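Chemist: Have a look at the structure that comes next, please.
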Amino acid sequence: MVDIDTYAFPEGLRLLGRWQSGDLDAKRELTEVMDAAISGDLDESFKLTELPDRVHSTACMQMLGLGVLHDLYGIESWDYYNVDAYRFVRASLALSKLLGVEKPYVTWALYALTCEPLGQKMMYPDKYPPGSDPDTVLINKSNWHELQTPDFTTGVPKMIDEILRVTEELTGLPPMLQVSAPYSLAADIYGQEPLLDDVVHDPDMVNALLDHLGDVVLGPWMDHFYEKFPNGWVELSDASGSPFFIGPENCKNMSIRAIKHMLRDKPYADRVFCNNYRGDFTSEVKKKDRRSRRKTPEGANSERGSLVELTDAKVSVNRYFIMRLDADKVAISFYKDQAIQRNMALTSGIGSPQIDRNSIEDMGTARIELAELAKSHVDAIRRVCEATNLPGDTYATTPWPSHLYFEDINSQSSFELIEVILNEVIYSVPFEERAQ
């Protein structure tokens, strides 16, 4: 009988590190743990009872789950995402335990699995997450308006419902549907490049397309979800609609506008949020416009004003927490101050490139730098938790990512660096008395 408590931080991480290095004894030991998890022997350990009175961690686990299950059992991508909800959820939760991540957060390949039910041609590599086939797009400029509402009771949507039901059963957390926001869905079924071209040359058509996707696909999918899970949440993801890819103004006036359009008059609108717009630094890039030099008083920080405006727009579709992602490249102090001023929670992301073992040239330097970064982010999150007047658990028992968030952990992540970061989280100073 496997005792998961014997793998408390950092022992589980070190087991994963030995497995990653090709240690056969570690592979056998990891197989025993995963056998126990998949059979249901560890289910009682997955219940979220109480998080510590300090900063905690969450992580996107689905890529690591696929990597481990492919190596241990030969399970391939389509099988992993489409066949067994209990296996999928239990693998994710068990690996979270091994890592030392304290708050479960069950995710899937949401961009791919949002567009697949519409009929988009997919690619399922053997040991990597699926994606839409970029060479065979589903719609074009002449037929996008013909797209109809899919059947949410079969195929991928049915499997997602099962994953949500199982996650709620095993963790006690409310179910959370994760789907693409309108712009990202359009990019996957219309094509990234054609869509970007139309953003520039035919923005009215792009906005009409986004509204159509909200009205006939995403809105009805959310309706279906809330009929089954009235206590649930919806997390929209919109990486393609981020400032990094289409600029801050288009992000505000297309991506975020489309979400607001989609949620108009929805009774559950306050339980839907979008949190992953990335590339905030683009709001601080000074435009090459000679007129701006004449109009801006010397010493005025017009770029920081633009960043606050972008934050206003992002908060309009996520009223619960401020998210700082690695790709934002703006100091954590800005997000800390914004969260406190707005009385919102703060989540800070560790990007997958930061912990990618194949891109680390000097492990010693990387350890020092990530320890310092993690400490600064933990301190900022702690300060927000102490200075804001939020619910007693600062939303910790909601199903979304909170506090220090690993944006993607996979089989090529450095478990040594993850241990360095989690060491700063797990041994962080408890919260002092919070604001009332």
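A note on labels: chains of the structure tokens are A, B, ... as shown, every chain counts residues from 1, and ligands are counted from 1 in their shown order.
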Region 202-210 of chain A: which residues within 9 Å, counting only C-alpha atoms, same-chain residues fewer than 6 positions away excluded, as a list of chain:residue names?
Modeler: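 Contacts, in chain order: A:Lys141, A:Trp144, A:His145, A:Pro182, A:Tyr183, A:Leu185, A:Ala186, A:Leu195, A:Asn253, A:Met254, A:Ser255, A:Arg257, A:Ala258, A:Ile259, A:Met262.
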Chemist: Near Ala94 (chain A), within 8 Å and counting only C-alpha atoms, which residues show up once chain neighbours fewer than 2 positions away are dropped, as a ChimeraX atom specification?
Modeler: /A:34,37,42,46,90-92,96-98
Chemist: Looking at A:Asp135, A:Phe225, A:Tyr86, A:Met123, which one is nearest to Phe152 (chain A), with distances taken over only C-alpha atoms?
Modeler: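 Of the candidates, the smallest distance to Phe152 (chain A) is held by A:Phe225.
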Chemist: Suppose you want the space between CA of Arg382 (chain A) and CA of His403 (chain A); what is it in Å?
Modeler: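 That distance, rounded to one decimal, is 8.7 Å.
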Chemist: Considering only C-alpha atoms, can you say which of A:Lys375, A:Ser240, A:Asp408, A:Ala327 comes closest to Ile426 (chain A)?
Modeler: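 Nearest to Ile426 (chain A): A:Lys375.
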Chemist: Choose the residue, out of A:Leu147, A:Ala109, A:Leu177, A:Val216, that has the smallest atom-to-atom separation from Tyr190 (chain A); count only C-alpha atoms.
Modeler: A:Leu147
Chemist: Please identify all polymer residues within 12 Å of Leu93 (chain A), counting only C-alpha atoms, omitting same-chain residues fewer than 5 positions from it, and present them as JSON, numbers by chain.
Modeler: {"A": [4, 33, 34, 37, 38, 40, 42, 43, 44, 45, 46, 47, 48, 58, 59, 60, 61, 62, 64, 65, 86, 87, 88, 98, 99, 100, 101, 102, 103, 104, 105, 106, 107, 166, 167, 168, 170, 171]}
Chemist: Quick one: pick out all alpha helix (DSSP H) residues within region 165-364 of chain A from a backbone DSSP run and write them as JSON, numbers by chain.
Modeler: {"A": [165, 166, 167, 168, 169, 170, 171, 182, 183, 184, 185, 186, 187, 188, 189, 190, 192, 193, 194, 195, 196, 197, 198, 199, 200, 201, 203, 204, 205, 206, 207, 208, 209, 210, 211, 212, 213, 219, 220, 221, 222, 223, 224, 225, 226, 227, 228, 243, 244, 245, 246, 248, 249, 250, 257, 258, 259, 260, 261, 262, 263, 290, 291, 292, 293, 294, 295, 302, 303, 304, 305, 306, 307, 308, 309, 310, 311, 312, 313, 314, 315, 332, 333, 334, 335, 336, 337, 338, 339, 340, 341, 342, 363, 364]}
Chemist: Using only C-alpha atoms, which protein or nucleic acid residues come within 10 Å of Tyr427 (chain A)? Drop anything in the same chain fewer than 5 positions from it, and give the result as number ranges by chain.
Modeler: A: 54-56, 422
Chemist: Any chance you could list, as an MDAnalysis selection string, the residues in region 42-215 of chain A that come up strand (DSSP E) when DSSP is run on the backbone?
Modeler: chainID A and resid 57:59 122:123 131:132 176:180
Chemist: May I have the residues within 6 Å of Glu76 (chain A) as a list in words, using only C-alpha atoms and disregarding those fewer than 5 positions away in the same chain?
Modeler: His70, Asp126 and Lys127 of chain A
Chemist: Keeping only all heavy atoms, write the selected residues to a file as an mmCIF file, in the first residue's frame.
Modeler:
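Resulting contents of result12.cif:
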```
data_model
loop_
_atom_site.group_PDB
_atom_site.id
_atom_site.type_symbol
_atom_site.label_atom_id
_atom_site.label_comp_id
_atom_site.auth_asym_id
_atom_site.auth_seq_id
_atom_site.Cartn_x
_atom_site.Cartn_y
_atom_site.Cartn_z
ATOM 1 N N HIS A 70 2.530 8.435 -20.511
ATOM 2 C CA HIS A 70 3.079 7.885 -21.750
ATOM 3 C C HIS A 70 4.320 7.054 -21.461
ATOM 4 O O HIS A 70 4.495 5.953 -22.003
ATOM 5 C CB HIS A 70 3.418 9.007 -22.731
ATOM 6 C CG HIS A 70 3.936 8.505 -24.045
ATOM 7 N ND1 HIS A 70 5.284 8.274 -24.279
ATOM 8 C CD2 HIS A 70 3.298 8.176 -25.201
ATOM 9 C CE1 HIS A 70 5.449 7.843 -25.505
ATOM 10 N NE2 HIS A 70 4.256 7.769 -26.083
ATOM 11 N N ASP A 126 1.787 11.644 -30.294
ATOM 12 C CA ASP A 126 1.699 10.529 -29.357
ATOM 13 C C ASP A 126 1.856 10.945 -27.909
ATOM 14 O O ASP A 126 1.101 10.504 -27.043
ATOM 15 C CB ASP A 126 2.713 9.436 -29.717
ATOM 16 C CG ASP A 126 4.142 9.955 -29.802
ATOM 17 O OD1 ASP A 126 4.352 11.176 -29.629
ATOM 18 O OD2 ASP A 126 5.058 9.152 -30.047
ATOM 19 N N LYS A 127 2.829 11.820 -27.596
ATOM 20 C CA LYS A 127 3.065 12.168 -26.198
ATOM 21 C C LYS A 127 3.031 13.670 -25.926
ATOM 22 O O LYS A 127 3.595 14.144 -24.948
ATOM 23 C CB LYS A 127 4.402 11.595 -25.739
ATOM 24 C CG LYS A 127 5.614 12.046 -26.538
ATOM 25 C CD LYS A 127 6.888 11.393 -25.988
ATOM 26 C CE LYS A 127 8.111 11.812 -26.791
ATOM 27 N NZ LYS A 127 9.338 11.180 -26.262
#
```
